[in-house]
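**Student:** Next comes work.cif, mmCIF, C-alpha atoms:
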data_structure
loop_
_atom_site.label_atom_id
_atom_site.label_comp_id
_atom_site.auth_asym_id
_atom_site.auth_seq_id
_atom_site.Cartn_x
_atom_site.Cartn_y
_atom_site.Cartn_z
CA MET G 23 22.26 210.80 226.29
CA SER G 24 22.04 214.53 226.67
CA THR G 25 22.15 216.38 229.96
CA SER G 26 22.38 219.92 231.14
CA THR G 27 25.86 221.38 231.23
CA GLU G 28 24.98 222.70 234.69
CA GLN G 29 24.65 219.15 235.99
CA PHE G 30 28.33 218.52 235.42
CA ALA G 31 29.50 222.03 236.31
CA ASP G 32 32.38 222.37 238.72
CA VAL G 33 30.58 222.18 242.04
CA SER G 34 33.65 221.50 244.16
CA ALA G 35 33.40 224.96 245.70
CA THR G 36 29.63 224.83 246.30
CA THR G 37 27.95 223.92 249.56
CA LEU G 38 25.92 220.80 250.26
CA LEU G 39 22.31 220.88 251.47
CA ARG G 40 20.57 217.82 252.86
CA PHE G 41 16.81 218.21 252.80
CA ALA G 42 13.72 216.06 253.15
CA THR G 43 10.22 216.29 251.77
CA ALA G 44 7.18 215.36 253.85
CA GLY G 45 3.44 215.76 253.76
CA SER G 46 0.15 213.91 253.82
CA VAL G 47 -0.89 211.34 251.23
CA ASP G 48 -1.43 212.73 247.72
CA ASP G 49 -0.07 216.16 248.60
CA GLY G 50 2.32 215.82 245.67
CA LYS G 51 5.70 215.15 247.27
CA SER G 52 7.04 212.86 244.56
CA THR G 53 5.68 215.16 241.84
CA LEU G 54 7.48 218.10 243.43
CA VAL G 55 10.74 216.13 243.57
CA GLY G 56 10.29 215.03 239.98
CA ARG G 57 9.58 218.62 238.92
CA LEU G 58 12.70 219.83 240.74
CA LEU G 59 14.84 217.23 238.99
CA HIS G 60 13.22 217.81 235.60
CA ASP G 61 13.18 221.60 235.55
CA SER G 62 16.69 221.89 236.98
CA LYS G 63 17.87 219.68 234.08
CA SER G 64 19.06 216.97 236.47
CA VAL G 65 17.36 214.10 234.63
CA LEU G 66 19.15 212.04 232.01
CA THR G 67 17.40 211.61 228.67
CA ASP G 68 16.95 207.85 229.04
CA GLN G 69 15.37 208.34 232.47
CA LEU G 70 12.89 210.84 231.07
CA GLU G 71 12.09 208.57 228.14
CA ALA G 72 11.40 205.70 230.52
CA VAL G 73 9.03 207.90 232.56
CA GLU G 74 7.25 209.07 229.41
CA ALA G 75 6.81 205.48 228.23
CA ALA G 76 5.48 204.34 231.61
CA SER G 77 3.08 207.29 231.73
CA LEU G 78 1.71 206.55 228.25
CA LYS G 79 1.26 202.89 229.21
CA ARG G 80 -0.90 204.04 232.11
CA GLY G 81 -3.00 206.25 229.82
CA GLN G 82 -1.48 209.59 230.90
CA GLU G 83 -0.84 212.19 228.23
CA ALA G 84 1.89 214.08 230.12
CA PRO G 85 4.87 212.47 231.86
CA ASP G 86 4.15 211.56 235.48
CA LEU G 87 7.21 213.10 237.11
CA ALA G 88 6.48 211.29 240.37
CA LEU G 89 7.80 208.14 238.68
CA LEU G 90 11.29 209.65 238.84
CA THR G 91 11.32 208.97 242.58
CA ASP G 92 8.74 206.25 243.22
CA GLY G 93 10.96 203.35 242.25
CA LEU G 94 9.25 200.39 243.97
CA ARG G 95 6.66 198.48 241.95
CA ALA G 96 4.05 198.87 244.71
CA GLU G 97 4.70 202.62 244.73
CA ARG G 98 4.13 202.93 240.99
CA GLU G 99 0.99 200.80 241.07
CA GLN G 100 -0.62 202.60 244.01
CA GLY G 101 0.69 206.07 243.20
CA ILE G 102 2.12 206.50 246.71
CA THR G 103 5.54 206.71 248.30
CA ILE G 104 6.42 203.82 250.64
CA ASP G 105 10.17 203.91 251.11
CA VAL G 106 12.55 206.83 251.54
CA ALA G 107 13.89 207.71 248.09
CA TYR G 108 17.25 209.45 248.12
CA ARG G 109 18.20 211.59 245.14
CA TYR G 110 21.42 213.44 244.44
CA PHE G 111 21.54 216.44 242.15
CA ALA G 112 23.39 219.70 241.73
CA THR G 113 23.01 223.15 240.26
CA ALA G 114 25.70 225.71 239.61
CA ARG G 115 25.11 227.13 243.11
CA ARG G 116 24.75 224.10 245.40
CA ARG G 117 24.78 220.32 245.69
CA PHE G 118 21.77 218.50 247.15
CA ILE G 119 20.95 215.23 248.87
CA LEU G 120 17.18 214.87 248.90
CA ALA G 121 15.10 212.39 250.90
CA ASP G 122 11.58 211.94 249.55
CA THR G 123 9.65 210.48 252.50
CA PRO G 124 6.21 208.80 252.61
CA GLY G 125 3.00 210.51 253.63
CA HIS G 126 1.00 207.60 255.05
CA VAL G 127 0.70 207.60 258.84
CA GLN G 128 2.08 204.04 259.02
CA TYR G 129 5.29 205.22 257.32
CA THR G 130 6.02 208.09 259.71
CA ARG G 131 9.08 206.11 260.81
CA ASN G 132 10.50 206.66 257.31
CA MET G 133 10.03 210.41 257.68
CA VAL G 134 12.04 210.25 260.93
CA THR G 135 14.80 208.46 259.04
CA GLY G 136 14.85 210.94 256.18
CA ALA G 137 14.75 214.04 258.38
CA SER G 138 17.26 212.88 261.00
CA THR G 139 20.22 214.24 259.00
CA ALA G 140 18.39 217.03 257.15
CA GLU G 141 19.17 220.73 257.47
CA LEU G 142 15.86 221.63 255.83
CA ALA G 143 12.43 220.02 255.57
CA VAL G 144 9.88 220.77 252.86
CA VAL G 145 6.40 220.10 254.25
CA LEU G 146 3.75 219.93 251.53
CA VAL G 147 0.11 220.85 252.03
CA ASP G 148 -2.72 220.38 249.54
CA ALA G 149 -4.23 223.84 249.08
CA ARG G 150 -7.71 222.26 248.98
CA ASN G 151 -7.32 220.47 252.33
CA GLY G 152 -5.12 222.83 254.32
CA VAL G 153 -3.26 221.75 257.45
CA VAL G 154 -4.27 218.22 258.47
CA GLU G 155 -3.16 215.91 261.29
CA GLN G 156 -0.29 214.43 259.29
CA THR G 157 0.93 217.95 258.52
CA ARG G 158 1.09 218.64 262.23
CA ARG G 159 2.81 215.32 262.85
CA HIS G 160 5.51 216.12 260.29
CA ALA G 161 5.98 219.60 261.75
CA ALA G 162 6.37 218.05 265.20
CA VAL G 163 8.92 215.52 263.94
CA ALA G 164 10.90 218.28 262.22
CA ALA G 165 10.88 220.29 265.45
CA LEU G 166 11.90 217.30 267.57
CA LEU G 167 14.76 216.50 265.19
CA ARG G 168 15.86 220.14 265.41
CA VAL G 169 15.70 220.68 261.65
CA PRO G 170 16.75 224.35 261.47
CA HIS G 171 14.81 225.35 258.33
CA VAL G 172 11.25 224.39 257.33
CA VAL G 173 9.59 225.24 254.02
CA LEU G 174 5.80 225.11 253.81
CA ALA G 175 4.99 224.33 250.17
CA VAL G 176 1.28 224.96 249.59
CA ASN G 177 0.76 222.72 246.57
CA LYS G 178 -1.99 222.40 243.95
CA MET G 179 -2.62 226.13 243.87
CA ASP G 180 -3.90 225.60 240.31
CA LEU G 181 -6.87 223.72 241.78
CA VAL G 182 -7.92 226.70 243.92
CA ASP G 183 -7.56 229.25 241.09
CA TYR G 184 -4.25 230.49 242.53
CA ALA G 185 -6.18 232.34 245.24
CA GLU G 186 -3.97 234.34 247.57
CA PRO G 187 -6.42 234.18 250.56
CA VAL G 188 -6.29 230.38 250.49
CA PHE G 189 -2.50 230.42 250.63
CA ALA G 190 -2.40 233.12 253.31
CA ALA G 191 -4.78 231.27 255.63
CA ILE G 192 -2.84 227.99 255.37
CA ALA G 193 0.50 229.75 255.84
CA GLU G 194 -0.73 231.56 258.95
CA GLU G 195 -2.14 228.39 260.54
CA PHE G 196 0.99 226.35 259.90
CA THR G 197 3.40 229.10 260.95
CA THR G 198 1.56 229.59 264.25
CA TYR G 199 1.62 225.86 264.96
CA ALA G 200 5.27 225.32 264.00
CA SER G 201 6.41 228.40 265.90
CA GLU G 202 4.82 227.02 269.08
CA LEU G 203 6.94 223.89 268.53
CA GLY G 204 10.06 226.04 268.40
CA VAL G 205 10.85 225.75 264.68
CA PRO G 206 13.32 228.63 264.20
CA GLU G 207 12.63 229.49 260.54
CA ILE G 208 9.54 228.90 258.40
CA THR G 209 9.23 229.93 254.74
CA ALA G 210 5.87 229.55 252.96
CA ILE G 211 5.80 229.20 249.17
CA PRO G 212 2.66 228.74 246.98
CA ILE G 213 3.31 226.18 244.23
CA SER G 214 1.84 223.84 241.67
CA ALA G 215 4.21 220.92 241.31
CA LEU G 216 2.20 219.50 238.42
CA ALA G 217 2.25 222.74 236.42
CA GLY G 218 5.66 223.88 237.63
CA ASP G 219 4.53 227.11 239.27
CA ASN G 220 7.16 228.50 241.69
CA VAL G 221 9.13 225.24 241.80
CA VAL G 222 12.09 226.18 239.62
CA GLU G 223 10.59 229.03 237.58
CA PRO G 224 8.43 231.88 238.98
CA SER G 225 4.71 231.51 238.38
CA ALA G 226 2.92 233.71 235.87
CA HIS G 227 -0.36 232.99 237.69
CA MET G 228 0.59 234.35 241.12
CA ASP G 229 1.88 237.89 240.63
CA TRP G 230 0.77 238.60 244.20
CA TYR G 231 3.64 236.44 245.48
CA GLY G 232 7.05 238.11 245.55
CA GLY G 233 9.14 235.50 247.37
CA PRO G 234 11.60 232.91 246.07
CA THR G 235 10.81 229.74 244.17
CA VAL G 236 11.46 226.44 245.92
CA LEU G 237 14.76 225.90 244.11
CA GLU G 238 15.89 229.48 244.68
CA HIS G 239 15.27 229.10 248.41
CA LEU G 240 17.08 225.75 248.48
CA GLU G 241 20.04 227.32 246.72
CA THR G 242 20.30 230.32 249.03
CA VAL G 243 19.20 229.18 252.50
CA PRO G 244 22.18 229.47 254.85
CA VAL G 245 23.55 226.15 256.10
CA SER G 246 26.48 225.49 258.37
CA HIS G 247 28.56 222.32 258.34
CA ASP G 248 31.12 223.62 260.81
CA LEU G 249 31.07 220.69 263.23
CA THR G 250 34.46 221.77 264.52
CA ALA G 251 32.72 224.40 266.65
CA CYS G 252 30.76 221.68 268.47
CA HIS G 253 31.85 219.75 271.54
CA ALA G 254 34.53 217.28 270.39
CA ARG G 255 33.29 213.69 270.53
CA PHE G 256 34.92 210.48 269.26
CA PRO G 257 32.95 207.22 269.66
CA VAL G 258 35.33 204.26 269.45
CA GLN G 259 34.25 201.80 266.79
CA TYR G 260 37.17 199.38 266.69
CA VAL G 261 40.43 198.73 268.55
CA ILE G 262 43.38 198.13 266.22
CA ARG G 263 46.11 195.82 267.55
CA PRO G 264 48.16 194.47 264.58
CA GLN G 265 50.79 192.77 266.80
CA THR G 266 53.04 192.29 263.79
CA ALA G 267 56.82 192.46 263.54
CA GLU G 268 56.46 195.89 261.96
CA HIS G 269 53.98 197.17 264.57
CA PRO G 270 54.49 195.06 267.71
CA ASP G 271 53.13 197.62 270.19
CA TYR G 272 50.66 199.56 268.05
CA ARG G 273 47.34 200.24 269.76
CA GLY G 274 44.90 202.55 268.04
CA TYR G 275 41.24 203.40 268.43
CA ALA G 276 39.40 203.72 265.13
CA GLY G 277 36.12 205.48 264.42
CA GLN G 278 34.46 208.54 262.95
CA ILE G 279 34.73 211.88 264.75
CA ALA G 280 31.13 212.77 265.59
CA ALA G 281 31.80 216.45 266.28
CA GLY G 282 34.55 218.92 267.00
CA ALA G 283 38.29 218.48 266.42
CA PHE G 284 41.11 216.56 268.10
CA ARG G 285 44.80 217.48 268.18
CA VAL G 286 48.00 215.62 269.01
CA GLY G 287 49.09 216.54 272.53
CA GLU G 288 45.53 217.23 273.70
CA GLN G 289 44.42 215.78 277.05
CA VAL G 290 41.31 213.61 276.74
CA THR G 291 38.93 211.66 278.94
CA VAL G 292 37.70 208.17 278.09
CA LEU G 293 34.07 207.55 279.06
CA PRO G 294 32.41 205.93 280.89
CA SER G 295 35.55 204.93 282.86
CA GLY G 296 36.69 208.54 283.34
CA ARG G 297 40.35 207.66 282.78
CA THR G 298 42.47 210.41 281.23
CA SER G 299 45.38 210.40 278.83
CA THR G 300 47.04 212.45 276.09
CA ILE G 301 46.67 212.01 272.34
CA SER G 302 50.07 210.79 271.14
CA GLY G 303 49.14 210.40 267.49
CA ILE G 304 46.34 210.59 264.92
CA ASP G 305 46.35 208.44 261.77
CA ALA G 306 44.18 209.39 258.80
CA LEU G 307 44.26 207.64 255.42
CA GLY G 308 47.46 205.85 256.35
CA GLU G 309 49.34 208.99 257.35
CA SER G 310 50.03 210.72 260.64
CA VAL G 311 48.36 214.11 261.10
CA ASP G 312 48.45 216.72 263.83
CA ILE G 313 44.73 217.52 263.79
CA ALA G 314 41.52 215.84 262.66
CA TRP G 315 37.92 217.02 262.70
CA ALA G 316 34.37 215.83 262.10
CA PRO G 317 33.29 213.89 260.12
CA GLN G 318 36.70 212.35 259.36
CA SER G 319 37.32 208.66 260.06
CA VAL G 320 40.63 208.32 261.89
CA THR G 321 42.61 206.24 264.34
CA ILE G 322 43.58 207.93 267.60
CA ARG G 323 46.57 206.75 269.65
CA LEU G 324 46.93 207.55 273.35
CA ALA G 325 50.04 207.91 275.48
CA ASP G 326 48.75 205.53 278.16
CA ASP G 327 47.51 201.94 277.96
CA ILE G 328 43.87 202.23 279.01
CA ASP G 329 41.17 199.58 278.85
CA ILE G 330 39.16 200.95 275.90
CA SER G 331 36.69 199.02 273.77
CA ARG G 332 33.98 199.60 271.17
CA GLY G 333 31.33 201.96 272.49
CA ASP G 334 33.63 204.06 274.67
CA LEU G 335 33.68 207.79 274.02
CA ILE G 336 36.80 209.97 273.86
CA ALA G 337 36.30 213.67 274.68
CA PRO G 338 38.53 216.58 275.73
CA VAL G 339 39.29 216.95 279.43
CA GLY G 340 37.06 219.69 280.79
CA ASP G 341 34.52 219.37 277.96
CA ALA G 342 33.25 215.84 278.44
CA PRO G 343 29.55 214.98 278.80
CA ALA G 344 28.28 213.70 282.12
CA THR G 345 27.66 209.97 282.36
CA SER G 346 24.40 208.61 283.73
CA GLN G 347 22.28 205.48 283.83
CA ASP G 348 19.07 207.53 283.80
CA VAL G 349 18.03 208.85 280.39
CA GLU G 350 15.15 211.30 280.02
CA ALA G 351 14.20 211.87 276.42
CA THR G 352 11.54 212.36 273.81
CA VAL G 353 10.99 209.44 271.45
CA CYS G 354 9.20 208.86 268.17
CA HIS G 355 7.77 205.36 268.38
CA VAL G 356 8.27 203.62 265.04
CA ALA G 357 7.44 199.96 265.68
CA ASP G 358 4.14 198.16 265.24
CA GLN G 359 4.28 196.70 268.76
CA PRO G 360 3.75 199.13 271.67
CA LEU G 361 6.46 200.44 273.99
CA ALA G 362 5.30 199.92 277.58
CA VAL G 363 6.45 200.85 281.07
CA GLY G 364 8.60 198.05 282.49
CA GLN G 365 9.65 196.79 279.06
CA ARG G 366 13.23 195.58 278.69
CA VAL G 367 15.02 197.00 275.67
CA LEU G 368 18.44 197.63 274.20
CA LEU G 369 19.62 201.22 273.90
CA LYS G 370 22.03 201.99 271.06
CA HIS G 371 23.97 205.25 271.40
CA THR G 372 26.66 205.92 268.76
CA THR G 373 28.72 202.70 268.77
CA ARG G 374 27.57 201.53 272.21
CA THR G 375 24.63 199.19 272.88
CA VAL G 376 23.50 198.49 276.46
CA LYS G 377 20.62 196.73 278.20
CA ALA G 378 17.93 199.02 279.57
CA ILE G 379 14.42 199.13 280.99
CA VAL G 380 11.64 201.65 280.36
CA LYS G 381 11.02 203.03 283.84
CA ASP G 382 8.31 205.55 282.98
CA ILE G 383 6.38 207.15 280.14
CA PRO G 384 5.40 210.50 281.71
CA SER G 385 3.45 211.86 278.75
CA ARG G 386 2.33 211.48 275.16
CA LEU G 387 2.08 214.48 272.85
CA THR G 388 -1.37 215.36 271.51
CA LEU G 389 -0.73 216.84 268.09
CA ASP G 390 -3.99 218.76 267.78
CA ASP G 391 -3.23 221.28 270.52
CA LEU G 392 0.33 220.28 271.55
CA SER G 393 -0.89 219.32 275.02
CA GLN G 394 0.75 216.52 276.99
CA HIS G 395 -1.44 213.50 277.79
CA PRO G 396 -0.08 212.35 281.17
CA ASN G 397 0.92 208.77 282.03
CA PRO G 398 -0.33 206.96 278.92
CA GLY G 399 1.31 203.72 280.07
CA GLN G 400 2.51 202.90 276.59
CA LEU G 401 3.31 204.38 273.21
CA VAL G 402 1.99 202.90 269.97
CA ALA G 403 3.14 203.30 266.38
CA ASN G 404 3.75 206.94 265.41
CA ASP G 405 3.26 208.26 268.95
CA ILE G 406 5.60 210.96 270.22
CA GLY G 407 6.18 210.93 273.95
CA ARG G 408 8.52 211.43 276.88
CA VAL G 409 10.26 208.41 278.39
CA VAL G 410 12.57 207.67 281.30
CA VAL G 411 14.97 204.82 280.64
CA ARG G 412 17.35 203.16 283.11
CA THR G 413 20.45 201.60 281.53
CA ALA G 414 22.58 198.74 282.83
CA GLU G 415 25.77 200.73 282.21
CA PRO G 416 26.52 204.46 282.30
CA LEU G 417 26.14 206.37 279.02
CA ALA G 418 27.76 209.64 277.94
CA LEU G 419 24.89 211.44 276.20
CA ASP G 420 24.80 215.06 275.19
CA ALA G 421 21.54 216.95 275.03
CA TYR G 422 20.07 216.56 271.55
CA ALA G 423 19.78 220.35 271.34
CA ASP G 424 23.58 220.53 271.63
CA SER G 425 24.46 217.63 269.34
CA ARG G 426 22.21 215.71 266.97
CA ARG G 427 24.89 213.01 266.67
CA THR G 428 25.66 212.26 270.31
CA GLY G 429 22.28 213.30 271.73
CA SER G 430 20.30 210.70 269.78
CA PHE G 431 19.76 207.00 270.37
CA LEU G 432 17.63 204.03 269.36
CA LEU G 433 15.53 201.71 271.52
CA ILE G 434 15.69 198.15 270.17
CA ASP G 435 13.73 194.97 270.88
CA PRO G 436 16.30 192.52 272.31
CA ALA G 437 14.29 189.55 271.06
CA ASP G 438 14.47 190.23 267.31
CA GLY G 439 16.48 193.42 266.83
CA THR G 440 13.49 195.52 265.74
CA THR G 441 13.91 199.26 266.16
CA LEU G 442 11.22 200.39 268.59
CA ALA G 443 11.82 204.13 268.92
CA ALA G 444 14.16 206.93 267.94
CA GLY G 445 15.12 209.05 270.94
CA MET G 446 16.35 212.60 271.52
CA ALA G 447 17.93 213.18 274.93
CA GLY G 448 17.05 216.22 277.01
CA GLU G 449 14.31 218.75 276.33
CA SER G 450 11.82 217.88 273.60
CA PHE G 451 10.86 221.06 271.77
CA ALA G 452 12.84 224.28 271.90
CA THR G 453 10.00 226.01 273.77
CA ALA G 454 8.81 223.03 275.82
CA LYS G 455 9.09 222.61 279.56
CA ALA G 456 10.71 219.50 280.94
CA VAL G 457 8.41 216.68 282.03
CA THR G 458 9.70 214.83 285.07
CA ALA G 459 8.92 211.28 286.03
CA ASP G 460 7.30 210.30 289.28
CA ASP G 461 9.82 208.26 291.25
CA SER G 462 6.98 206.24 292.75
CA THR G 463 6.40 204.52 289.39
CA GLU G 464 9.81 202.79 289.45
CA GLU G 465 9.65 199.02 289.25
CA GLU G 466 11.22 197.12 292.09
CA GLY G 467 13.54 194.17 291.58
CA TRP G 468 15.46 195.57 288.61
CA ASP G 469 18.90 196.36 289.98
CA PHE G 470 20.39 198.64 287.32
#
Represent the supplied structure as structure tokens.
**Tutor:**
Amino acid sequence: MSTSTEQFADVSATTLLRFATAGSVDDGKSTLVGRLLHDSKSVLTDQLEAVEAASLKRGQEAPDLALLTDGLRAEREQGITIDVAYRYFATARRRFILADTPGHVQYTRNMVTGASTAELAVVLVDARNGVVEQTRRHAAVAALLRVPHVVLAVNKMDLVDYAEPVFAAIAEEFTTYASELGVPEITAIPISALAGDNVVEPSAHMDWYGGPTVLEHLETVPVSHDLTACHARFPVQYVIRPQTAEHPDYRGYAGQIAAGAFRVGEQVTVLPSGRTSTISGIDALGESVDIAWAPQSVTIRLADDIDISRGDLIAPVGDAPATSQDVEATVCHVADQPLAVGQRVLLKHTTRTVKAIVKDIPSRLTLDDLSQHPNPGQLVANDIGRVVVRTAEPLALDAYADSRRTGSFLLIDPADGTTLAAGMAGESFATAKAVTADDSTEEEGWDF
């Protein structure tokens, strides 16, 4: 097998970019991903040979690069993406984790999954069709998930004779729409994933375009992984009590630091109880350390014996989130069954899962003009709307705008464990105004 020497270059000093691709059906997402992998020499010879053989078997003269990502049999047969396909590759300048997400409306939930941890989203548009409803839906999801960078890749420019006016009109429409949602940075790039124009190499057919190629932008876009500057949060996942002859009194609280840093000697608050103590020790990889930071998995020891269990949150004194049983949030509904006012659900926040009830659904977002449809009564699959949820126990949520880790949650069907909706606490879009619930809609007889 032969590979590029760049693929195995020393990338220990390079940064990591997580990004997701999205777009409507047949916009060419998988082809773009395949072209990125192929032209950046990130494909092993045997993989390419397998794709070439499969393409010939289907009567195609050139290799179908989409087969590099569409791994399910149903995906190959239908020529569509169904599941989120994660790919890992690297260049000499940066390492990448790529989530190729589906374009069908019924798989919008997969796009939410792929974009939830992304720092950049590539939204594809077919140059012949322009901005369609699914394009707007994906832009809205990217804005809701606070993805800081969005790339508009206007694909299939070869099918519109590489016309600059076509690209300019699509770029202007999308940029206006996404800016109204509060997307902070939008970069438009005209491409042909099939022909390779402006994907890795600059296009010889579009001399009117002077911006970066897709790969060049991915390699140079600024990303920050400094979670230590965020509010320090430590969700407890497991309580360690060995009770052995060697460690008769050891009591530690294990988990992954969601954000920020913790130090030995620091005063902390345990939520939701509100009890305070001091960090007496931090164990990481079997050794004691003086400081630990996100996203390390550690065990924290406290100076006082406090009743702490899975789901509790440890935060610094003076910088702890407020606890509340009333959650106002924006949700992306991802289940086939509707989410209705009065419905009993489970709410999972970090390592904590509590009973809850949907008290109100104040509005549903209309994607065409970004207006709010008031009091829809329920949300159906792929709807985006505001909800008010009352929980049986207090939760320590941050605003999603402040922390994507501790400001997000899931609503779950208690009957079968199905995920109903992905929620973002606090304001919805960066430019949106808060929607408040009418207290008169509260259901009586539910004593949370």
**Student:** Applying 7 Å and only C-alpha atoms, which residues near G:Ala44 remain after dropping the ones on its own chain fewer than 3 positions away? List them as a list in words.
**Tutor:** Lys51, Thr123, Pro124, Gly125, Met133, Val144, Val145, Leu146 and His160 of chain G
**Student:** Rank G:Ala226, G:Leu54, G:Leu142, G:Val188 by their smallest atom-to-atom distance to G:His239, using all atoms listed in the file, and report the top residue only.
**Tutor:**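 For G:His239, the nearest of the candidates is G:Leu142.
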**Student:** List the residues selected by the PyMOL selection byres ((chain G and resi 314) around 8) in the file shown, writing them as a PyMOL selection string.
**Tutor:** chain G and resi 283-285+304+306+311-313+315-316+318+320
**Student:** Taking the file as I've supplied it (selection: the PyMOL selection byres ((chain G and resi 400) around 6)), which residues are included? Please answer as a VMD selection string.
**Tutor:** chain G and resid 361 to 362 398 to 399 401
**Student:** At a cut-off of 10 Å, using all atoms listed in the file, what residues contact G:Ile328? Leave out same-chain residues fewer than 6 positions from it and give the result as a count of residues only.
**Tutor:** 5
**Student:** Show me the residues close to (26.7, 205.3, 285.0) - anything with an atom within 7 Å, counting only C-alpha atoms - and format the list as an mmCIF file with C-alpha atoms, in the coordinates of the input.
**Tutor:**
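This went into point_31.cif:
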data_model
loop_
_atom_site.group_PDB
_atom_site.id
_atom_site.type_symbol
_atom_site.label_atom_id
_atom_site.label_comp_id
_atom_site.auth_asym_id
_atom_site.auth_seq_id
_atom_site.Cartn_x
_atom_site.Cartn_y
_atom_site.Cartn_z
ATOM 1 C CA THR G 345 27.660 209.970 282.360
ATOM 2 C CA SER G 346 24.400 208.610 283.730
ATOM 3 C CA GLN G 347 22.280 205.480 283.830
ATOM 4 C CA GLU G 415 25.770 200.730 282.210
ATOM 5 C CA PRO G 416 26.520 204.460 282.300
ATOM 6 C CA LEU G 417 26.140 206.370 279.020
#
**Student:** Going by the chain IDs and residue numbers used in this file, which residues fall under the PyMOL selection byres ((chain G and resi 260) around 12)? Write them as a PyMOL selection string.
**Tutor:** chain G and resi 256-259+261-263+273-278+319-322+330-335+373-374
**Student:** Expressed in Å to a single decimal, how great is the separation between atom CA of G:Gly232 and atom CA of G:Val147?
**Tutor:**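 Separating atom CA of G:Gly232 from atom CA of G:Val147 is a distance of 19.7 Å.
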**Student:** Of the candidates G:Gly407, G:Pro224, G:Pro338, G:Pro187, which one gets nearest to G:Gln394 if we count all atoms listed in the file?
**Tutor:**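 When distances to G:Gln394 are compared using all atoms listed in the file, the smallest one comes from G:Gly407.
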**Student:** One decimal, in Å: what's the spacing between atom CA of G:Val169 and atom CA of G:Leu59?
**Tutor:**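 So the answer is 22.9 Å.
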